[in-house]
Amino acid sequence: MRKFGWKINLYPFLIASLFFAASCHREESLSVEKTTPGVTNSEIKIGSSCALTGHASFLGVSYIHGAECYIDHINEKGGIHGRRIRLITYDDGYDPPRCVFNTQKLINEDRVFSLFCYVGTPTSVEIIPIVEEAEIPLLGLFTGANTLRHPFRKYIFNVRASYYQEISAMVKHLVEDLNFSRFAVFYQYDAYGLDGLTGTELALKKYGLKPVARGNYMRGTTDIEKALDLIIASDAEVVIMVGTYDPCAKFIKNARARGFKPVFHNVSFVGGNELARKLGCNGNGVFITQVVPSPDARALLSTADQYCSLLQKHFPDEKPSFVGLEGYINSKVLVKGLKWAGKGLTREGFIKALESMDEVCLGIGLPLSFGPKNHQGLDTVYFTEIKCGNLVLVTAWGSEE
């Protein structure tokens with residue numbers, strides 16, 4: 001029998017195999033990138049647009065710095081399943097068109113995994129269609145606007161209570177405990193202020209009341225004189241204020257200088273710590289509702305203590321604030337959601353992880369809960385009062401106060 005000997009050159013086959021394996025790896029990588037933007041083996045990209053400059057910069061800077069404190073802390077410990085969180089933040093100056101531009105850039109160019117820590121109603125409501133079209137999660141907004149809650153929005157997760165809840169809680173005390181009945185509303189003329197105006201009207205309607213006056217100013221200005229004249233003429237006993245710290249501070253100072261001294265109530269977005277600083281002792285007796293506990297409660301609440309310590313470490317020139325603590329709490333929720341979503345991170349898995357949070361302890365004294373049809377984690381409203389430039393918690397109400 002004749003034997004045939006075959007001499008085969010394996011080099012071309014080896015090259016082809018390596019090329020095929022590399023191609024498969026590239027296809028797999030592209031597939032992962034396509035299905036999970038912003039996620040690599042070492043990093044998770046998160047994107048934010050907020051006011052880092054301009055007339056609302058205290059809010060944006062405090063909010064982001066609070067969030068960054070905890071993110072940096074987690075990254076120093078190794079990140080989430082071996083991935084570090086990278087927060088990409090763009091300044092929108094509290095301007096809706098700039099917020100839209102930034103959001104599109106974060107989604108289409110930066111290809112972030114999730115959006116996070118947006119600031120303001122007029123900016124945030126403009127990106128709702130973008131978020132829903134991109135099917136990208138948006139967690140933690142510094143706004144209590146009803147539009148971001150109703151109708152239910154699958155991709156938007158609010159950690160804080162709403163403006164309706166803040167105003168309703170305050171009106172309840174002012175009517176039932178302090179017997180006031182003449183309410184005026186001073187509001188920013190945009191989606192934020194109009195939401196607060198509607199919330200006030202709904203809260204007063206429960207008691208058969210209506211605002212005795214409505215005065216507004218344009219966003220980005222401190223032109224409050226016409227609104228002040230109108231509200232003084234109404235002889236209001238209470239002024240519900242839905243604005244930012246500069247115009248609200250000017251309104252209160254000018255009102256008191258003219259002998260008009262009603263009860264002033266501001267919602268949390270005003271930036272209570274900055275309003276108190278600007279008013280000093282002129283702010284005595286001004287009320288501000290809050291949606292997170294006081295950062296001064298370090299001895300009682302572990303998260304307040306952690307926030308103050310990490311803020312001192314990472315931003316030593318910045319003082320603790322309610323706004324900053326809210327940003328810090330948002331980051332704690334973000335981190336839990338990313339952990340619970342597992343190592344094979346996807347946007348849908350992240351959403352399901354958030355929705356599975358039921359009675360989750362955050363170290364703030366009350367648990368957070370989300371659900372498949374509940375995307376607001378906290379409902380508690382706290383009351384603070386300005387005393388000589390400081391914010392003091394109000395725990396008791398009565399006409400004798």
# chains A, B, ... in the order shown; residues from 1 in each chain; ligands from 1
$ closest_atom_pairs --of "segment 240-350 of chain A" --to "segment 196-219 of chain A" --cutoff "9 Å" --atoms "only C-alpha atoms" --output "tab-separated table"
residue	atom	partner	partner_atom	distance
A:Ile240	CA	A:Thr200	CA	7.7
A:Met241	CA	A:Gly196	CA	8.3
A:Val242	CA	A:Gly196	CA	5.9
A:Gly243	CA	A:Arg219	CA	8.4
A:Thr244	CA	A:Arg219	CA	8.7
A:Pro247	CA	A:Tyr217	CA	8.2
A:Val267	CA	A:Gly196	CA	8.5
$ select_by_dssp --residues "segment 77-265 of chain A" --states "strand (DSSP E)" --output "JSON, numbers by chain"
{"A": [84, 85, 86, 87, 88, 89, 90, 91, 114, 115, 116, 117, 118, 119, 138, 139, 140, 141, 142, 156, 157, 183, 184, 185, 186, 187, 188, 213, 214, 215, 216, 217, 238, 239, 240, 241, 242, 263, 264, 265]}
$ closest_residue --among "A:Asn330, A:Asn284, A:Gln312, A:Asn266" --to "Ile64 of chain A" --atoms "only C-alpha atoms"
A:Asn330
$ closest_residue --among "A:Gly79, A:Gly377, A:Gly344, A:Gly389" --to "Ile156 of chain A" --atoms "only C-alpha atoms"
A:Gly377
$ residues_around --residues "Val263 of chain A" --least-positions-apart "2" --cutoff "10 Å" --atoms "only C-alpha atoms" --output "MDAnalysis selection string"
chainID A and resid 174 180 183 236:240 260:261 265 285:287
$ closest_residue --among "A:Pro129, A:His73, A:Val119, A:Gly78" --to "Gln306 of chain A" --atoms "only C-alpha atoms"
A:His73
$ select_by_dssp --residues "segment 64-213 of chain A" --states "helix (DSSP H, G or I)" --output "ChimeraX atom specification"
/A:64-76,96-108,121-134,146-148,163-177,191-205
$ write_last_selection --atoms "C-alpha atoms" --output "PDB file, in the first residue's frame"
ATOM      1  CA  ILE A  64     -23.219  68.225  42.392  1.00  0.00           C
ATOM      2  CA  HIS A  65     -20.572  68.538  45.099  1.00  0.00           C
ATOM      3  CA  GLY A  66     -22.798  66.625  47.499  1.00  0.00           C
ATOM      4  CA  ALA A  67     -23.224  63.889  44.912  1.00  0.00           C
ATOM      5  CA  GLU A  68     -19.524  63.810  44.030  1.00  0.00           C
ATOM      6  CA  CYS A  69     -18.532  63.347  47.685  1.00  0.00           C
ATOM      7  CA  TYR A  70     -20.151  59.928  47.838  1.00  0.00           C
ATOM      8  CA  ILE A  71     -19.156  58.919  44.298  1.00  0.00           C
ATOM      9  CA  ASP A  72     -15.507  59.715  45.066  1.00  0.00           C
ATOM     10  CA  HIS A  73     -15.816  57.755  48.309  1.00  0.00           C
ATOM     11  CA  ILE A  74     -17.140  54.701  46.447  1.00  0.00           C
ATOM     12  CA  ASN A  75     -14.481  54.987  43.732  1.00  0.00           C
ATOM     13  CA  GLU A  76     -11.743  55.089  46.365  1.00  0.00           C
ATOM     14  CA  PRO A  96     -33.639  75.296  29.239  1.00  0.00           C
ATOM     15  CA  PRO A  97     -32.096  75.390  25.718  1.00  0.00           C
ATOM     16  CA  ARG A  98     -28.620  74.827  27.144  1.00  0.00           C
ATOM     17  CA  CYS A  99     -29.952  71.921  29.223  1.00  0.00           C
ATOM     18  CA  VAL A 100     -31.441  70.346  26.100  1.00  0.00           C
ATOM     19  CA  PHE A 101     -28.130  70.756  24.235  1.00  0.00           C
ATOM     20  CA  ASN A 102     -26.157  69.281  27.138  1.00  0.00           C
ATOM     21  CA  THR A 103     -28.518  66.322  27.447  1.00  0.00           C
ATOM     22  CA  GLN A 104     -28.289  65.493  23.764  1.00  0.00           C
ATOM     23  CA  LYS A 105     -24.501  65.689  23.988  1.00  0.00           C
ATOM     24  CA  LEU A 106     -24.415  63.402  27.027  1.00  0.00           C
ATOM     25  CA  ILE A 107     -26.589  60.811  25.299  1.00  0.00           C
ATOM     26  CA  ASN A 108     -25.282  60.963  21.727  1.00  0.00           C
ATOM     27  CA  THR A 121     -38.112  72.538  36.665  1.00  0.00           C
ATOM     28  CA  PRO A 122     -37.875  74.681  33.479  1.00  0.00           C
ATOM     29  CA  THR A 123     -34.735  72.812  32.443  1.00  0.00           C
ATOM     30  CA  SER A 124     -35.829  69.300  33.415  1.00  0.00           C
ATOM     31  CA  VAL A 125     -39.293  69.375  31.835  1.00  0.00           C
ATOM     32  CA  GLU A 126     -37.741  70.238  28.461  1.00  0.00           C
ATOM     33  CA  ILE A 127     -35.753  66.998  28.345  1.00  0.00           C
ATOM     34  CA  ILE A 128     -38.617  64.630  29.134  1.00  0.00           C
ATOM     35  CA  PRO A 129     -39.170  63.753  25.438  1.00  0.00           C
ATOM     36  CA  ILE A 130     -35.421  63.222  24.951  1.00  0.00           C
ATOM     37  CA  VAL A 131     -35.206  60.875  27.944  1.00  0.00           C
ATOM     38  CA  GLU A 132     -38.221  58.866  26.825  1.00  0.00           C
ATOM     39  CA  GLU A 133     -37.048  58.581  23.216  1.00  0.00           C
ATOM     40  CA  ALA A 134     -33.552  57.481  24.284  1.00  0.00           C
ATOM     41  CA  ASN A 146     -45.685  67.517  39.244  1.00  0.00           C
ATOM     42  CA  THR A 147     -44.974  67.129  35.493  1.00  0.00           C
ATOM     43  CA  LEU A 148     -42.013  64.891  36.298  1.00  0.00           C
ATOM     44  CA  TYR A 163     -43.753  70.818  45.575  1.00  0.00           C
ATOM     45  CA  TYR A 164     -47.417  69.913  45.964  1.00  0.00           C
ATOM     46  CA  GLN A 165     -46.508  67.939  49.082  1.00  0.00           C
ATOM     47  CA  GLU A 166     -44.319  70.741  50.462  1.00  0.00           C
ATOM     48  CA  ILE A 167     -46.946  73.421  49.965  1.00  0.00           C
ATOM     49  CA  SER A 168     -49.822  71.255  51.164  1.00  0.00           C
ATOM     50  CA  ALA A 169     -47.964  70.433  54.395  1.00  0.00           C
ATOM     51  CA  MET A 170     -47.186  74.100  55.054  1.00  0.00           C
ATOM     52  CA  VAL A 171     -50.699  75.341  54.251  1.00  0.00           C
ATOM     53  CA  LYS A 172     -52.108  72.726  56.618  1.00  0.00           C
ATOM     54  CA  HIS A 173     -50.097  74.147  59.539  1.00  0.00           C
ATOM     55  CA  LEU A 174     -50.727  77.765  58.625  1.00  0.00           C
ATOM     56  CA  VAL A 175     -54.487  77.241  58.375  1.00  0.00           C
ATOM     57  CA  GLU A 176     -55.154  74.632  61.061  1.00  0.00           C
ATOM     58  CA  ASP A 177     -52.572  75.616  63.675  1.00  0.00           C
ATOM     59  CA  ALA A 191     -42.815  75.981  34.687  1.00  0.00           C
ATOM     60  CA  TYR A 192     -41.374  75.989  38.218  1.00  0.00           C
ATOM     61  CA  GLY A 193     -43.359  78.931  39.529  1.00  0.00           C
ATOM     62  CA  LEU A 194     -46.569  77.941  37.795  1.00  0.00           C
ATOM     63  CA  ASP A 195     -46.293  74.459  39.302  1.00  0.00           C
ATOM     64  CA  GLY A 196     -45.990  76.031  42.753  1.00  0.00           C
ATOM     65  CA  LEU A 197     -48.922  78.333  42.044  1.00  0.00           C
ATOM     66  CA  THR A 198     -51.082  75.368  41.078  1.00  0.00           C
ATOM     67  CA  GLY A 199     -49.932  73.480  44.172  1.00  0.00           C
ATOM     68  CA  THR A 200     -50.917  76.429  46.367  1.00  0.00           C
ATOM     69  CA  GLU A 201     -54.338  76.746  44.756  1.00  0.00           C
ATOM     70  CA  LEU A 202     -54.979  73.025  45.263  1.00  0.00           C
ATOM     71  CA  ALA A 203     -53.833  73.152  48.902  1.00  0.00           C
ATOM     72  CA  LEU A 204     -56.031  76.175  49.670  1.00  0.00           C
ATOM     73  CA  LYS A 205     -59.027  74.642  47.891  1.00  0.00           C
TER      74      LYS A 205
END
$ residues_around --residues "Gly220 of chain A" --least-positions-apart "6" --cutoff "9 Å" --atoms "only C-alpha atoms" --output "ChimeraX atom specification"
/A:54-56,94,247
$ closest_residue --among "A:Ile80, A:Ala145, A:Ala396, A:Leu279" --to "Leu338 of chain A" --atoms "only C-alpha atoms"
A:Ile80
